[in-house]
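Heads up: the structure comes next, in structure tokens.
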Amino acid sequence: MPGFFVPQLTIGDVSILISGEEFHHIIHVFRKKVNEEILLTNGKGIVSKATITSIRKKELTANILEIREEKISQPKIAVAFPLLKNKHDSLIVEKLTELGVKEFYPLITERTVRQPSKNTLDKFTKIAISAIKQCDNAFLPKIHEFSTLKVLFNKLQKMHKQPLIALEIGEHRLLANVAQEFNEQELCLIFGPEGGFSSAEINLLQQEKIPTFTLGNHILRAETAAITAVSQLMGFYLKQNPKYY
């Protein structure tokens, strides 16, 4: 059953009023009617089954049938990625949200092809909302403001997140082997732009002693590398905890 995003949903609700874009989706796209069930999430771990009790011109009321609060899995996964041409970065947000990434850090690098517009982050948020609705994900990821690599490293240090970077320079180690060394720590996987990082950025990575990992012997596009790496890391965590979500 496809879900619907209702951020005002709380654990103590017995009924809820839904309007705006989600009302439109429920009534005009999915053509739900009175007495039909719908699945709701607030994007913060609360998931509910509800039944529609009334439909008005611009809003509906639903009674809560059951409600539960999911616990977020630890360690959480974060991803830093550059803006890509042809908006392939939207694919990163969509697919990695489906895989369970909890934070995104959009990057501006020296070789970033596309520059952000004033509504780029809003578009990423809408893509993430759509993704959690499609795959019944109880957690909407946080999308941070754009930053450079140097600013990103400062942010991660303050939040006690360990950066790992996909880079074919230096020691070639598989992601699972690198992650093993930081087993209890939250990781942020970092990916470069089309054309790779500049020599100055690589020097910065080496100065900061950021651990690197490889994804195999093929050259991957940035969005493919991000999806592959998160899939591998999810597999690593699932071996440790089959209920990891």
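How things are named: the first chain in the structure tokens is A, the next is B, and so on; residues count from 1 in each chain; ligands count from 1 in the order shown.
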
Report task. Write down as number ranges by chain the residues of segment 23-173 of chain A whose backbone DSSP state falls under strand (DSSP E or B). Result -> A: 37-41, 44, 46-55, 59-69, 77-82, 103-107, 139, 142-143, 147, 162-166

Residues from last step as file, C-alpha atoms, as a PDB file, in the first residue's frame:
ATOM      1  CA  GLU A  37      -7.737   2.518   4.375  1.00  0.00           C
ATOM      2  CA  ILE A  38      -4.624   4.652   3.892  1.00  0.00           C
ATOM      3  CA  LEU A  39      -1.087   4.404   5.260  1.00  0.00           C
ATOM      4  CA  LEU A  40       0.428   7.520   6.823  1.00  0.00           C
ATOM      5  CA  THR A  41       3.882   8.543   8.038  1.00  0.00           C
ATOM      6  CA  LYS A  44      10.070  10.977  11.916  1.00  0.00           C
ATOM      7  CA  ILE A  46       5.635   7.279  13.211  1.00  0.00           C
ATOM      8  CA  VAL A  47       3.578   5.083  10.880  1.00  0.00           C
ATOM      9  CA  SER A  48      -0.193   4.680  10.982  1.00  0.00           C
ATOM     10  CA  LYS A  49      -3.045   2.879   9.279  1.00  0.00           C
ATOM     11  CA  ALA A  50      -6.178   5.000   9.046  1.00  0.00           C
ATOM     12  CA  THR A  51      -9.590   4.859   7.449  1.00  0.00           C
ATOM     13  CA  ILE A  52     -11.181   7.814   5.678  1.00  0.00           C
ATOM     14  CA  THR A  53     -14.354   8.949   7.464  1.00  0.00           C
ATOM     15  CA  SER A  54     -15.269  12.089   5.527  1.00  0.00           C
ATOM     16  CA  ILE A  55     -14.210  13.942   2.381  1.00  0.00           C
ATOM     17  CA  GLU A  59      -9.681  18.252   3.095  1.00  0.00           C
ATOM     18  CA  LEU A  60     -10.503  14.864   4.546  1.00  0.00           C
ATOM     19  CA  THR A  61     -10.731  13.337   7.987  1.00  0.00           C
ATOM     20  CA  ALA A  62      -9.379   9.899   8.823  1.00  0.00           C
ATOM     21  CA  ASN A  63      -9.657   7.802  11.968  1.00  0.00           C
ATOM     22  CA  ILE A  64      -6.497   6.119  13.209  1.00  0.00           C
ATOM     23  CA  LEU A  65      -6.812   2.332  13.193  1.00  0.00           C
ATOM     24  CA  GLU A  66      -3.338   1.534  14.465  1.00  0.00           C
ATOM     25  CA  ILE A  67      -0.202   3.567  15.057  1.00  0.00           C
ATOM     26  CA  ARG A  68       3.379   2.686  15.895  1.00  0.00           C
ATOM     27  CA  GLU A  69       6.731   4.344  16.297  1.00  0.00           C
ATOM     28  CA  ILE A  77      24.246   6.438   6.957  1.00  0.00           C
ATOM     29  CA  ALA A  78      24.944   9.879   5.468  1.00  0.00           C
ATOM     30  CA  VAL A  79      26.010  10.705   1.908  1.00  0.00           C
ATOM     31  CA  ALA A  80      27.753  13.753   0.425  1.00  0.00           C
ATOM     32  CA  PHE A  81      27.375  14.198  -3.334  1.00  0.00           C
ATOM     33  CA  PRO A  82      27.996  16.915  -5.931  1.00  0.00           C
ATOM     34  CA  GLU A 103      21.244  12.544   5.773  1.00  0.00           C
ATOM     35  CA  PHE A 104      22.402  14.191   2.546  1.00  0.00           C
ATOM     36  CA  TYR A 105      25.151  16.791   2.172  1.00  0.00           C
ATOM     37  CA  PRO A 106      25.080  18.386  -1.307  1.00  0.00           C
ATOM     38  CA  LEU A 107      28.543  19.519  -2.383  1.00  0.00           C
ATOM     39  CA  PHE A 139      12.114   8.371   8.128  1.00  0.00           C
ATOM     40  CA  LYS A 142      17.624  15.511   6.401  1.00  0.00           C
ATOM     41  CA  ILE A 143      19.021  17.467   3.462  1.00  0.00           C
ATOM     42  CA  SER A 147      28.949  23.164   1.292  1.00  0.00           C
ATOM     43  CA  GLN A 162      33.416   9.628  10.050  1.00  0.00           C
ATOM     44  CA  PRO A 163      33.910  10.582   6.379  1.00  0.00           C
ATOM     45  CA  LEU A 164      34.867   7.878   3.880  1.00  0.00           C
ATOM     46  CA  ILE A 165      35.568   8.806   0.296  1.00  0.00           C
ATOM     47  CA  ALA A 166      35.239   6.881  -2.958  1.00  0.00           C
TER      48      ALA A 166
END

Query - Long-range neighbours of Leu83 of chain A as a PyMOL selection string, 8 Å cut-off, only C-alpha atoms, 6 positions minimum in chain - result: chain A and resi 89+106-108+112-116+193

Requested in this report: Give me the residues within 9 Å of Phe4 of chain A as number ranges by chain, counting only C-alpha atoms and dropping any in the same chain fewer than 6 places off.
Outcome: A: 22, 25-26, 38-42, 129-130, 132-134, 136

Dump of C-alpha atoms for the selected residues, as a short mmCIF file (atom, residue, chain, number, x, y, z; two decimals), in the first residue's frame:
data_model
loop_
_atom_site.label_atom_id
_atom_site.label_comp_id
_atom_site.auth_asym_id
_atom_site.auth_seq_id
_atom_site.Cartn_x
_atom_site.Cartn_y
_atom_site.Cartn_z
CA GLU A 22 -1.47 14.94 0.18
CA HIS A 25 -2.89 12.69 -4.01
CA ILE A 26 -5.23 10.63 -1.85
CA ILE A 38 -4.62 4.65 3.89
CA LEU A 39 -1.09 4.40 5.26
CA LEU A 40 0.43 7.52 6.82
CA THR A 41 3.88 8.54 8.04
CA ASN A 42 5.23 11.74 9.58
CA ILE A 129 9.20 12.66 0.39
CA SER A 130 8.02 10.84 -2.72
CA ILE A 132 9.57 7.40 1.51
CA LYS A 133 5.93 7.24 0.40
CA GLN A 134 6.70 4.68 -2.30
CA ASP A 136 6.98 2.75 3.27
#

Query raised in the report: Excluding same-chain residues fewer than 4 positions from Leu233 of chain A, what lies within 7 Å of it counting only C-alpha atoms, as a PyMOL selection string?
Result: chain A and resi 176+229+237

Restricting the output to C-alpha atoms, write the selected residues as an mmCIF file, in the first residue's frame.
data_model
loop_
_atom_site.group_PDB
_atom_site.id
_atom_site.type_symbol
_atom_site.label_atom_id
_atom_site.label_comp_id
_atom_site.auth_asym_id
_atom_site.auth_seq_id
_atom_site.Cartn_x
_atom_site.Cartn_y
_atom_site.Cartn_z
ATOM 1 C CA ALA A 176 33.114 -3.263 3.934
ATOM 2 C CA ALA A 229 28.335 2.017 -2.188
ATOM 3 C CA TYR A 237 25.075 -3.616 8.408
#

**Report entry** Interatomic distance, atom CA of Gly45 of chain A to atom CA of Ile72 of chain A (Å, one decimal)
**Finding:**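 Straight-line distance from atom CA of Gly45 of chain A to atom CA of Ile72 of chain A works out to 7.1 Å.
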
Query raised in the report: When DSSP works through the backbone of this structure, what residues of segment 51-209 of chain A end up as helix (DSSP H, G or I), shown as a PyMOL selection string?
Result: chain A and resi 85-87+89-99+120-134+149-158+175-180+199-207

Would you mind exporting the chosen residues as a PDB file, in the first residue's frame, restricted to C-alpha atoms?
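Result written to selection_12.pdb:
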ATOM      1  CA  LYS A  85      24.634  17.420 -15.080  1.00  0.00           C
ATOM      2  CA  ASN A  86      21.234  16.332 -16.408  1.00  0.00           C
ATOM      3  CA  LYS A  87      20.087  16.393 -12.762  1.00  0.00           C
ATOM      4  CA  ASP A  89      21.790  14.004  -8.516  1.00  0.00           C
ATOM      5  CA  SER A  90      17.993  13.696  -8.152  1.00  0.00           C
ATOM      6  CA  LEU A  91      18.430   9.989  -8.791  1.00  0.00           C
ATOM      7  CA  ILE A  92      20.934   9.851  -5.924  1.00  0.00           C
ATOM      8  CA  VAL A  93      18.431  11.398  -3.516  1.00  0.00           C
ATOM      9  CA  GLU A  94      15.566   9.173  -4.694  1.00  0.00           C
ATOM     10  CA  LYS A  95      17.350   5.814  -4.667  1.00  0.00           C
ATOM     11  CA  LEU A  96      19.417   6.397  -1.540  1.00  0.00           C
ATOM     12  CA  THR A  97      16.307   7.494   0.366  1.00  0.00           C
ATOM     13  CA  GLU A  98      14.729   4.190  -0.656  1.00  0.00           C
ATOM     14  CA  LEU A  99      17.836   2.403   0.643  1.00  0.00           C
ATOM     15  CA  THR A 120      17.284  23.011  -5.537  1.00  0.00           C
ATOM     16  CA  LEU A 121      17.095  21.889  -1.902  1.00  0.00           C
ATOM     17  CA  ASP A 122      13.288  22.088  -1.946  1.00  0.00           C
ATOM     18  CA  LYS A 123      13.259  19.848  -5.025  1.00  0.00           C
ATOM     19  CA  PHE A 124      15.524  17.349  -3.271  1.00  0.00           C
ATOM     20  CA  THR A 125      13.153  17.343  -0.283  1.00  0.00           C
ATOM     21  CA  LYS A 126      10.142  16.680  -2.505  1.00  0.00           C
ATOM     22  CA  ILE A 127      11.994  13.805  -4.170  1.00  0.00           C
ATOM     23  CA  ALA A 128      12.829  12.335  -0.758  1.00  0.00           C
ATOM     24  CA  ILE A 129       9.195  12.661   0.388  1.00  0.00           C
ATOM     25  CA  SER A 130       8.024  10.837  -2.721  1.00  0.00           C
ATOM     26  CA  ALA A 131      10.591   8.091  -2.107  1.00  0.00           C
ATOM     27  CA  ILE A 132       9.566   7.396   1.505  1.00  0.00           C
ATOM     28  CA  LYS A 133       5.931   7.239   0.400  1.00  0.00           C
ATOM     29  CA  GLN A 134       6.695   4.682  -2.296  1.00  0.00           C
ATOM     30  CA  LEU A 149      34.665  19.851   1.069  1.00  0.00           C
ATOM     31  CA  LYS A 150      36.429  21.884   3.747  1.00  0.00           C
ATOM     32  CA  VAL A 151      33.144  23.085   5.245  1.00  0.00           C
ATOM     33  CA  LEU A 152      31.775  19.535   5.056  1.00  0.00           C
ATOM     34  CA  PHE A 153      34.702  18.126   7.045  1.00  0.00           C
ATOM     35  CA  ASN A 154      34.126  20.734   9.762  1.00  0.00           C
ATOM     36  CA  LYS A 155      30.431  19.826   9.934  1.00  0.00           C
ATOM     37  CA  LEU A 156      31.126  16.093  10.138  1.00  0.00           C
ATOM     38  CA  GLN A 157      33.722  16.581  12.852  1.00  0.00           C
ATOM     39  CA  LYS A 158      31.266  18.552  14.985  1.00  0.00           C
ATOM     40  CA  LEU A 175      34.108  -0.450   1.541  1.00  0.00           C
ATOM     41  CA  ALA A 176      33.114  -3.263   3.934  1.00  0.00           C
ATOM     42  CA  ASN A 177      36.726  -3.619   5.064  1.00  0.00           C
ATOM     43  CA  VAL A 178      37.070   0.106   5.707  1.00  0.00           C
ATOM     44  CA  ALA A 179      33.690   0.296   7.471  1.00  0.00           C
ATOM     45  CA  GLN A 180      34.747  -2.553   9.765  1.00  0.00           C
ATOM     46  CA  SER A 199      44.369  18.170  -7.400  1.00  0.00           C
ATOM     47  CA  ALA A 200      43.824  20.809  -4.694  1.00  0.00           C
ATOM     48  CA  GLU A 201      40.819  18.889  -3.346  1.00  0.00           C
ATOM     49  CA  ILE A 202      42.736  15.611  -3.380  1.00  0.00           C
ATOM     50  CA  ASN A 203      45.530  17.318  -1.445  1.00  0.00           C
ATOM     51  CA  LEU A 204      42.943  18.447   1.102  1.00  0.00           C
ATOM     52  CA  LEU A 205      41.587  14.888   1.412  1.00  0.00           C
ATOM     53  CA  GLN A 206      45.079  13.597   2.010  1.00  0.00           C
ATOM     54  CA  GLN A 207      45.864  16.325   4.535  1.00  0.00           C
TER      55      GLN A 207
END

Query raised in the report: So how far away is atom CA of Glu186 of chain A from atom CA of Phe213 of chain A, in Å?
Result: 16.1 Å

Query raised in the report: If you measure from atom CA of Leu167 of chain A to atom CA of Gly235 of chain A, what distance in Å do you get, rounded to one decimal?
Result: 20.5 Å

Query raised in the report: Which one of A:Ile16, A:Thr10, A:Gln240, A:Glu145 sits closest to Asn119 of chain A if you count only C-alpha atoms?
Result: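 Result for the nearest residue to Asn119 of chain A: A:Glu145.
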
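Of the listed residues (A:His172, A:Thr228, A:Gly192, A:Lys243), A:His172 comes nearest to Thr212 of chain A; the distances count only C-alpha atoms.
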